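Undergrad: Next up is a structure, given as structure tokens.
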Amino acid sequence: MPALVQPSRLILLGDDPSWVGLLRDRLTTLDNAPQLVSAPSWEGVAELLDDDCLLLCTPDQLPAAGASTVPIVMLLEAEPESVPPSVSDWLVYDDTSPATLRRCLRYVAERSLRRRFGELDPLTGIANRQGFQALLSARMAEQEGRGFALGHLDLDNFRAVNDSLGYEAGDRLILQVVARMKDQLGESDRLARLGSDEFALLIDTSNDFRRAERLAARVVEALEEPYWLEGESLLIGCSLGLAHANGGAIDPLMWHAHIAMQQAKNAQGCTFHLYDERINHSARTRARLEGELRRALRRDELVLHYQPRLCLQSGRFLGVEALVRWQHPRRGLLAPSEFVPLAEESGLIVPLGYWVISRALRDMQDLRAKGLPALHMAVNLSFRQFQDSQLLPTLSRLIEENQVDARWLEFELTETAVMRRSDQVRQTMQALRKLGVRFSLDDFGTGFSSFVHLDRLPIALLKIDKSFVGGMNDKAESYRLVRAMIDLAHNLGLDVVAEGVESAEQLALLARFGCDQVQGYLISRPLALQHLVQLLSGGPRQANPQQPS
């Protein structure tokens with residue numbers, strides 16, 4: 001047998017004299033035969049095993065699944081119908097000739113060698129994902145699923161290093177990262193590479209439950225130090241998630257460590273996060289709600305309500321704002337605040353936005369078909385959707401399909417969206433403006449826009465945020481701000497809409513300041529389409545600010 005795959009010791013569990021005698025007799029005929037050592041039980045020999053050992057045992061002495069890190073050969077009286085997954089091969093007493101034993105030892109040793117090399121990361125020499133699974137299974141079996149913590153570490157911006165300096169430089173960086181982590185680990189800890197920039201740590205906490213957190217702090221501190229690569233100093237972040245083993249199964253433990261890693265990544269920078277069941281419950285709730293929202297888009301569970309805008313000069317309604325609601329099958333009608341932020345975070349705001357535009361255009365056409373006067377249809381457009389490359393062709397198609405006049409479509413943008421990338425925003429707005437669409441600036445006064453930038457953008461209206469309107473009667477600064485906003489907007493040739501008008505006093509002040517339009521509960525709450533039709537069919541509203549209807 002080649003030395004490369006020759007075990008140095010055979011460990012025979014139990015003291016069955018027949019097997020001891022048979023094996024010693026057969027080994028005397030082999031060249032460079034391994035040493036045969038008897039042990040009374042698995043518990044007495046588990047700590048003494050190394051990579052050059054091979055375990056032989058009868059079925060009654062078989063270690064628990066995953067407990068042994070060395071190959072196992074089972075000793076039987078007859079051919080088995082099946083063998084446990086942890087068993088590499090078996091010998092039948094009456095058929096164990098010298099040649100059979102030689103073939104068995106060679107097969108098991110070569111299989112072990114292939115497995116060992118197959119479980120190592122070729123670059124770093126530490127365990128790969130497959131090897132890590134074996135390490136984790138063994139640790140779970142040895143310690144009954146307790147006494148250790150699992151760490152999941154992800155390097156931030158590693159792909160940028162590969163893209164800018166090349167893959168060889170990336171490999172050298174990984175070697176530096178692994179070396180730094182190894183310096184922090186103890187003898188009973190283990191490190192594995194799960195992917196190009198992902199690592200797993202098995203941290204022994206059998207004698208100190210808090211050791212995992214202290215070690216994690218040292219690891220992230222070591223990794224946040226600069227790296228020297230290609231003559232340059234580089235900084236890369238890392239996110240480390242920790243989860244304590246609590247006697248449960250492997251899959252939940254790995255999932256908990258992954259969740260904690262994602263939470264650490266959300267914090268940004270080199271940091272670690274310990275899994276918290278309460279936070280996980282919140283994450284599961286959000287994930288469930290996101291799934292329900294995806295289904296809601298497919299099942300047409302969303303509805304639009306419309307809040308009218310009143311012209312203070314004519315007393316007529318000049319426009320409506322489309323506000324999305326979710327008719328949840330269990331929770332009833334949900335306001336935008338309960339699901340729009342989630343849509344923003346998950347990216348669902350793009351398909352949600354297109355649904356709102358499509359439904360609003362359809363309802364525009366329905367209102368015109370009922371003989372009602374044309375109204376500006378205002379739709380909130382998120383910055384994420386504003387960046388979508390399909391916005392222009394999709395909008396062109398929807399306008400054509402619904403046969404509406406695009407001049408009556410109005411997109412509401414927030415100050416934050418307008419100011420984030422002013423050049424890109426201006427180009428997109430100008431392209432949409434060519435279709436006939438007009439724009440209003442929503443929640444004005446809450447962001448950081450300047451009138452210099454506003455003068456360069458094709459904006460037709462400013463909407464004063466309700467927080468300023470609501471404070472006019474109580475706060476002198478709100479009173480002065482609203483008046484100044486209206487004057488400045490008019491100087492720029494822009495109309496003004498005041499949001500959140502809820503009292504006759506507010507309406508009177510806005511009329512005195514020369515505000516063009518108002519919107520709020522005093523005028524009308526958001527209405528379903530059929531109720532909007534009833535309102536619009538009632539004729540002009542009384543515009544007298546002293547006695548609003």
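Order determines the names: the first chain of the structure tokens is A, the second B, and so forth; residues in each chain are numbered 1 upward, and ligands are numbered 1 upward as they are shown.
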Give me, as a PyMOL selection string, the residues of region 253-388 of chain A that a backbone DSSP run labels strand (DSSP E).

TA: chain A and resi 271-274+302-311+317-328+332-334+376-380

Undergrad: Output N, CA and C atoms of each residue in that selection to a file, as a tab-separated table (two decimals), in the first residue's frame.

TA:
chain	number	residue	atom	x	y	z
A	271	THR	N	-17.79	45.39	11.76
A	271	THR	CA	-18.52	45.20	13.00
A	271	THR	C	-19.08	43.79	13.07
A	272	PHE	N	-19.57	43.40	14.25
A	272	PHE	CA	-20.21	42.10	14.41
A	272	PHE	C	-21.55	42.29	15.10
A	273	HIS	N	-22.41	41.31	14.94
A	273	HIS	CA	-23.74	41.37	15.53
A	273	HIS	C	-24.09	39.99	16.06
A	274	LEU	N	-24.66	39.95	17.26
A	274	LEU	CA	-25.09	38.70	17.88
A	274	LEU	C	-26.56	38.47	17.57
A	302	LEU	N	-54.56	45.86	-4.42
A	302	LEU	CA	-54.31	47.28	-4.21
A	302	LEU	C	-55.45	48.11	-4.79
A	303	VAL	N	-55.72	49.25	-4.17
A	303	VAL	CA	-56.76	50.16	-4.65
A	303	VAL	C	-56.21	51.57	-4.58
A	304	LEU	N	-56.81	52.46	-5.37
A	304	LEU	CA	-56.45	53.87	-5.34
A	304	LEU	C	-57.59	54.69	-4.75
A	305	HIS	N	-57.23	55.60	-3.86
A	305	HIS	CA	-58.15	56.62	-3.39
A	305	HIS	C	-57.62	57.96	-3.88
A	306	TYR	N	-58.52	58.93	-4.04
A	306	TYR	CA	-58.14	60.20	-4.63
A	306	TYR	C	-58.52	61.35	-3.70
A	307	GLN	N	-57.54	62.23	-3.43
A	307	GLN	CA	-57.81	63.41	-2.61
A	307	GLN	C	-57.82	64.64	-3.51
A	308	PRO	N	-58.95	65.35	-3.54
A	308	PRO	CA	-59.08	66.49	-4.47
A	308	PRO	C	-58.25	67.69	-4.02
A	309	ARG	N	-57.91	68.53	-5.01
A	309	ARG	CA	-57.26	69.82	-4.77
A	309	ARG	C	-58.21	70.92	-5.24
A	310	LEU	N	-58.42	71.89	-4.36
A	310	LEU	CA	-59.39	72.94	-4.62
A	310	LEU	C	-58.69	74.23	-4.99
A	311	CYS	N	-59.17	74.89	-6.05
A	311	CYS	CA	-58.66	76.21	-6.44
A	311	CYS	C	-59.34	77.26	-5.57
A	317	PHE	N	-62.58	72.20	-8.33
A	317	PHE	CA	-61.52	71.22	-8.17
A	317	PHE	C	-60.68	71.20	-9.45
A	318	LEU	N	-59.38	71.37	-9.28
A	318	LEU	CA	-58.48	71.39	-10.43
A	318	LEU	C	-57.67	70.11	-10.59
A	319	GLY	N	-57.61	69.32	-9.54
A	319	GLY	CA	-56.81	68.10	-9.63
A	319	GLY	C	-57.09	67.16	-8.47
A	320	VAL	N	-56.54	65.97	-8.57
A	320	VAL	CA	-56.63	64.97	-7.50
A	320	VAL	C	-55.26	64.32	-7.35
A	321	GLU	N	-54.99	63.88	-6.14
A	321	GLU	CA	-53.76	63.12	-5.90
A	321	GLU	C	-54.12	61.66	-5.70
A	322	ALA	N	-53.47	60.77	-6.45
A	322	ALA	CA	-53.72	59.33	-6.34
A	322	ALA	C	-52.93	58.78	-5.16
A	323	LEU	N	-53.62	58.14	-4.23
A	323	LEU	CA	-53.00	57.58	-3.03
A	323	LEU	C	-53.32	56.09	-2.96
A	324	VAL	N	-52.30	55.27	-2.92
A	324	VAL	CA	-52.49	53.83	-2.96
A	324	VAL	C	-52.87	53.30	-1.58
A	325	ARG	N	-53.75	52.32	-1.55
A	325	ARG	CA	-54.14	51.58	-0.36
A	325	ARG	C	-54.03	50.09	-0.65
A	326	TRP	N	-53.89	49.31	0.40
A	326	TRP	CA	-53.79	47.85	0.25
A	326	TRP	C	-54.98	47.23	0.96
A	327	GLN	N	-55.84	46.58	0.19
A	327	GLN	CA	-56.96	45.86	0.76
A	327	GLN	C	-56.48	44.48	1.19
A	328	HIS	N	-55.89	44.44	2.39
A	328	HIS	CA	-55.27	43.21	2.88
A	328	HIS	C	-56.36	42.20	3.24
A	332	GLY	N	-57.48	44.18	6.60
A	332	GLY	CA	-58.32	45.26	6.11
A	332	GLY	C	-57.56	46.26	5.27
A	333	LEU	N	-58.08	47.47	5.19
A	333	LEU	CA	-57.49	48.50	4.33
A	333	LEU	C	-56.28	49.12	5.02
A	334	LEU	N	-55.11	48.98	4.39
A	334	LEU	CA	-53.86	49.48	4.96
A	334	LEU	C	-53.47	50.79	4.30
A	376	HIS	N	-56.13	67.46	-13.25
A	376	HIS	CA	-54.75	67.00	-13.17
A	376	HIS	C	-54.69	65.79	-12.24
A	377	MET	N	-54.12	64.70	-12.74
A	377	MET	CA	-53.96	63.48	-11.96
A	377	MET	C	-52.54	63.44	-11.43
A	378	ALA	N	-52.37	63.66	-10.12
A	378	ALA	CA	-51.04	63.68	-9.51
A	378	ALA	C	-50.69	62.31	-8.95
A	379	VAL	N	-49.53	61.80	-9.35
A	379	VAL	CA	-49.05	60.48	-8.92
A	379	VAL	C	-47.67	60.66	-8.29
A	380	ASN	N	-47.49	60.10	-7.10
A	380	ASN	CA	-46.18	60.16	-6.45
A	380	ASN	C	-45.19	59.24	-7.17

Undergrad: List every residue of region 167-305 of chain A that DSSP, applied to the backbone of this structure, assigns to alpha helix (DSSP H), and report them as a PyMOL selection string.

TA: chain A and resi 167-184+211-223+250-267+277-299

Undergrad: Please list as a PyMOL selection string every residue within 6 Å of region 9-12 of chain A, counting only C-alpha atoms and excluding residues in the same chain fewer than 4 positions away.

TA: chain A and resi 34-38+53-57

Undergrad: Write the residues of the selection above to a file with C-alpha atoms, as a compact mmCIF listing (two decimals), in the first residue's frame.

TA:
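again.txt written:
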# COMPACT_ATOMS: atom_id res chain seq x y z
CA PRO A 34 -0.37 -0.51 10.48
CA GLN A 35 -0.39 -0.99 14.24
CA LEU A 36 -3.54 -2.55 15.72
CA VAL A 37 -4.65 -1.01 19.02
CA SER A 38 -7.62 -2.17 21.09
CA CYS A 53 -6.11 6.55 12.31
CA LEU A 54 -8.79 4.20 11.07
CA LEU A 55 -11.57 2.96 13.37
CA LEU A 56 -12.80 -0.64 13.38
CA CYS A 57 -15.84 -1.63 15.41

Undergrad: I'd like the contact shell of Arg362 (chain A) - 12 Å cut-off, only C-alpha atoms, skipping same-chain residues fewer than 3 positions apart - returned as a VMD selection string.

TA: chain A and resid 304 322 355 to 359 365 to 369 377 398 to 405 409 529

Undergrad: The selected residues should be written to file as a short mmCIF file (atom, residue, chain, number, x, y, z; two decimals), in the first residue's frame (atoms: N, CA and C atoms).

TA:
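What ended up in part.cif:
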data_model
loop_
_atom_site.label_atom_id
_atom_site.label_comp_id
_atom_site.auth_asym_id
_atom_site.auth_seq_id
_atom_site.Cartn_x
_atom_site.Cartn_y
_atom_site.Cartn_z
N LEU A 304 -56.81 52.46 -5.37
CA LEU A 304 -56.45 53.87 -5.34
C LEU A 304 -57.59 54.69 -4.75
N ALA A 322 -53.47 60.77 -6.45
CA ALA A 322 -53.72 59.33 -6.34
C ALA A 322 -52.93 58.78 -5.16
N TRP A 355 -47.97 50.05 -11.26
CA TRP A 355 -49.38 49.70 -11.06
C TRP A 355 -50.20 50.95 -10.78
N VAL A 356 -49.68 51.84 -9.92
CA VAL A 356 -50.39 53.06 -9.57
C VAL A 356 -50.59 53.93 -10.82
N ILE A 357 -49.54 54.09 -11.63
CA ILE A 357 -49.65 54.91 -12.84
C ILE A 357 -50.70 54.32 -13.78
N SER A 358 -50.64 53.01 -13.98
CA SER A 358 -51.58 52.36 -14.90
C SER A 358 -53.02 52.52 -14.43
N ARG A 359 -53.27 52.29 -13.13
CA ARG A 359 -54.63 52.40 -12.61
C ARG A 359 -55.11 53.86 -12.63
N GLN A 365 -59.35 58.18 -17.59
CA GLN A 365 -60.17 57.97 -18.77
C GLN A 365 -61.63 57.72 -18.38
N ASP A 366 -61.84 57.00 -17.27
CA ASP A 366 -63.20 56.73 -16.81
C ASP A 366 -63.91 58.04 -16.42
N LEU A 367 -63.18 58.93 -15.75
CA LEU A 367 -63.78 60.21 -15.35
C LEU A 367 -64.18 61.03 -16.57
N ARG A 368 -63.32 61.05 -17.57
CA ARG A 368 -63.64 61.80 -18.80
C ARG A 368 -64.82 61.17 -19.52
N ALA A 369 -64.88 59.82 -19.50
CA ALA A 369 -65.99 59.13 -20.18
C ALA A 369 -67.33 59.44 -19.51
N MET A 377 -54.12 64.70 -12.74
CA MET A 377 -53.96 63.48 -11.96
C MET A 377 -52.54 63.44 -11.43
N LEU A 398 -48.33 53.19 -21.61
CA LEU A 398 -49.54 53.31 -20.79
C LEU A 398 -50.40 54.49 -21.23
N ILE A 399 -49.77 55.59 -21.59
CA ILE A 399 -50.53 56.75 -22.06
C ILE A 399 -51.27 56.41 -23.35
N GLU A 400 -50.57 55.71 -24.24
CA GLU A 400 -51.20 55.33 -25.51
C GLU A 400 -52.31 54.32 -25.31
N GLU A 401 -52.10 53.33 -24.44
CA GLU A 401 -53.11 52.29 -24.20
C GLU A 401 -54.38 52.88 -23.61
N ASN A 402 -54.23 53.86 -22.70
CA ASN A 402 -55.40 54.43 -22.04
C ASN A 402 -55.97 55.63 -22.77
N GLN A 403 -55.29 56.06 -23.84
CA GLN A 403 -55.76 57.16 -24.69
C GLN A 403 -56.09 58.41 -23.86
N VAL A 404 -55.12 58.79 -23.03
CA VAL A 404 -55.30 60.00 -22.21
C VAL A 404 -54.37 61.09 -22.71
N ASP A 405 -54.73 62.31 -22.39
CA ASP A 405 -53.89 63.46 -22.72
C ASP A 405 -52.85 63.61 -21.63
N LEU A 409 -51.45 64.62 -16.72
CA LEU A 409 -50.73 63.73 -15.80
C LEU A 409 -49.64 64.53 -15.09
N LEU A 529 -63.00 55.80 -6.07
CA LEU A 529 -63.36 56.41 -7.36
C LEU A 529 -64.84 56.75 -7.43
#

Undergrad: One number please: CA of Leu457 (chain A) to CA of Thr394 (chain A), in Å, one decimal.

TA: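 Taking CA of Leu457 (chain A) and CA of Thr394 (chain A), their separation equals 22.3 Å.
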
Undergrad: List the spatial neighbours of Gln184 (chain A) as a list in words - criterion: any atom at most 9 Å away, only C-alpha atoms, same-chain residues fewer than 2 positions off excluded.

TA: Arg180, Met181, Lys182, Gly186, Leu215, Ala216, Arg218, Val219 and Ala222 of chain A

Undergrad: Quick one: write out the picked residues with N, CA and C atoms as a CSV table (one decimal), in the first residue's frame?

TA:
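Output (out.csv):
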chain,number,residue,atom,x,y,z
A,180,ARG,N,-4.8,36.8,9.5
A,180,ARG,CA,-5.2,37.7,10.6
A,180,ARG,C,-6.2,37.0,11.5
A,181,MET,N,-7.2,36.3,10.8
A,181,MET,CA,-8.2,35.6,11.6
A,181,MET,C,-7.6,34.4,12.4
A,182,LYS,N,-6.7,33.7,11.8
A,182,LYS,CA,-6.0,32.5,12.5
A,182,LYS,C,-5.3,33.0,13.7
A,186,GLY,N,-8.3,30.2,18.9
A,186,GLY,CA,-7.7,29.3,19.8
A,186,GLY,C,-7.6,27.9,19.2
A,215,LEU,N,-14.0,37.3,21.1
A,215,LEU,CA,-13.2,36.9,20.0
A,215,LEU,C,-13.6,37.6,18.7
A,216,ALA,N,-15.0,37.8,18.5
A,216,ALA,CA,-15.5,38.5,17.4
A,216,ALA,C,-15.0,39.9,17.3
A,218,ARG,N,-12.2,41.0,18.5
A,218,ARG,CA,-10.8,41.0,18.1
A,218,ARG,C,-10.6,40.7,16.6
A,219,VAL,N,-11.5,39.8,16.1
A,219,VAL,CA,-11.4,39.5,14.7
A,219,VAL,C,-11.7,40.8,13.8
A,222,ALA,N,-8.9,43.3,14.0
A,222,ALA,CA,-7.8,42.9,13.2
A,222,ALA,C,-8.0,43.1,11.7

Undergrad: Quick one: of A:Val83, A:Thr28, A:Glu292, A:Pro341, who's nearest to Pro329 (chain A), counting only C-alpha atoms?

TA: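 Ranking A:Val83, A:Thr28, A:Glu292, A:Pro341 by distance to Pro329 (chain A), first place goes to A:Glu292.
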
Undergrad: Near Ala460 (chain A), within 7 Å and counting only C-alpha atoms, which residues show up once chain neighbours fewer than 2 positions away are dropped, as a PDB file with C-alpha atoms, in the first residue's frame?

TA:
ATOM      1  CA  ARG A 438     -45.850  68.081 -15.730  1.00  0.00           C
ATOM      2  CA  PHE A 439     -44.157  67.981 -12.326  1.00  0.00           C
ATOM      3  CA  SER A 440     -44.812  69.191  -8.812  1.00  0.00           C
ATOM      4  CA  PRO A 458     -39.421  71.883 -15.303  1.00  0.00           C
ATOM      5  CA  LEU A 494     -44.881  78.469  -9.916  1.00  0.00           C
ATOM      6  CA  ASP A 495     -48.321  77.701  -8.519  1.00  0.00           C
TER       7      ASP A 495
END
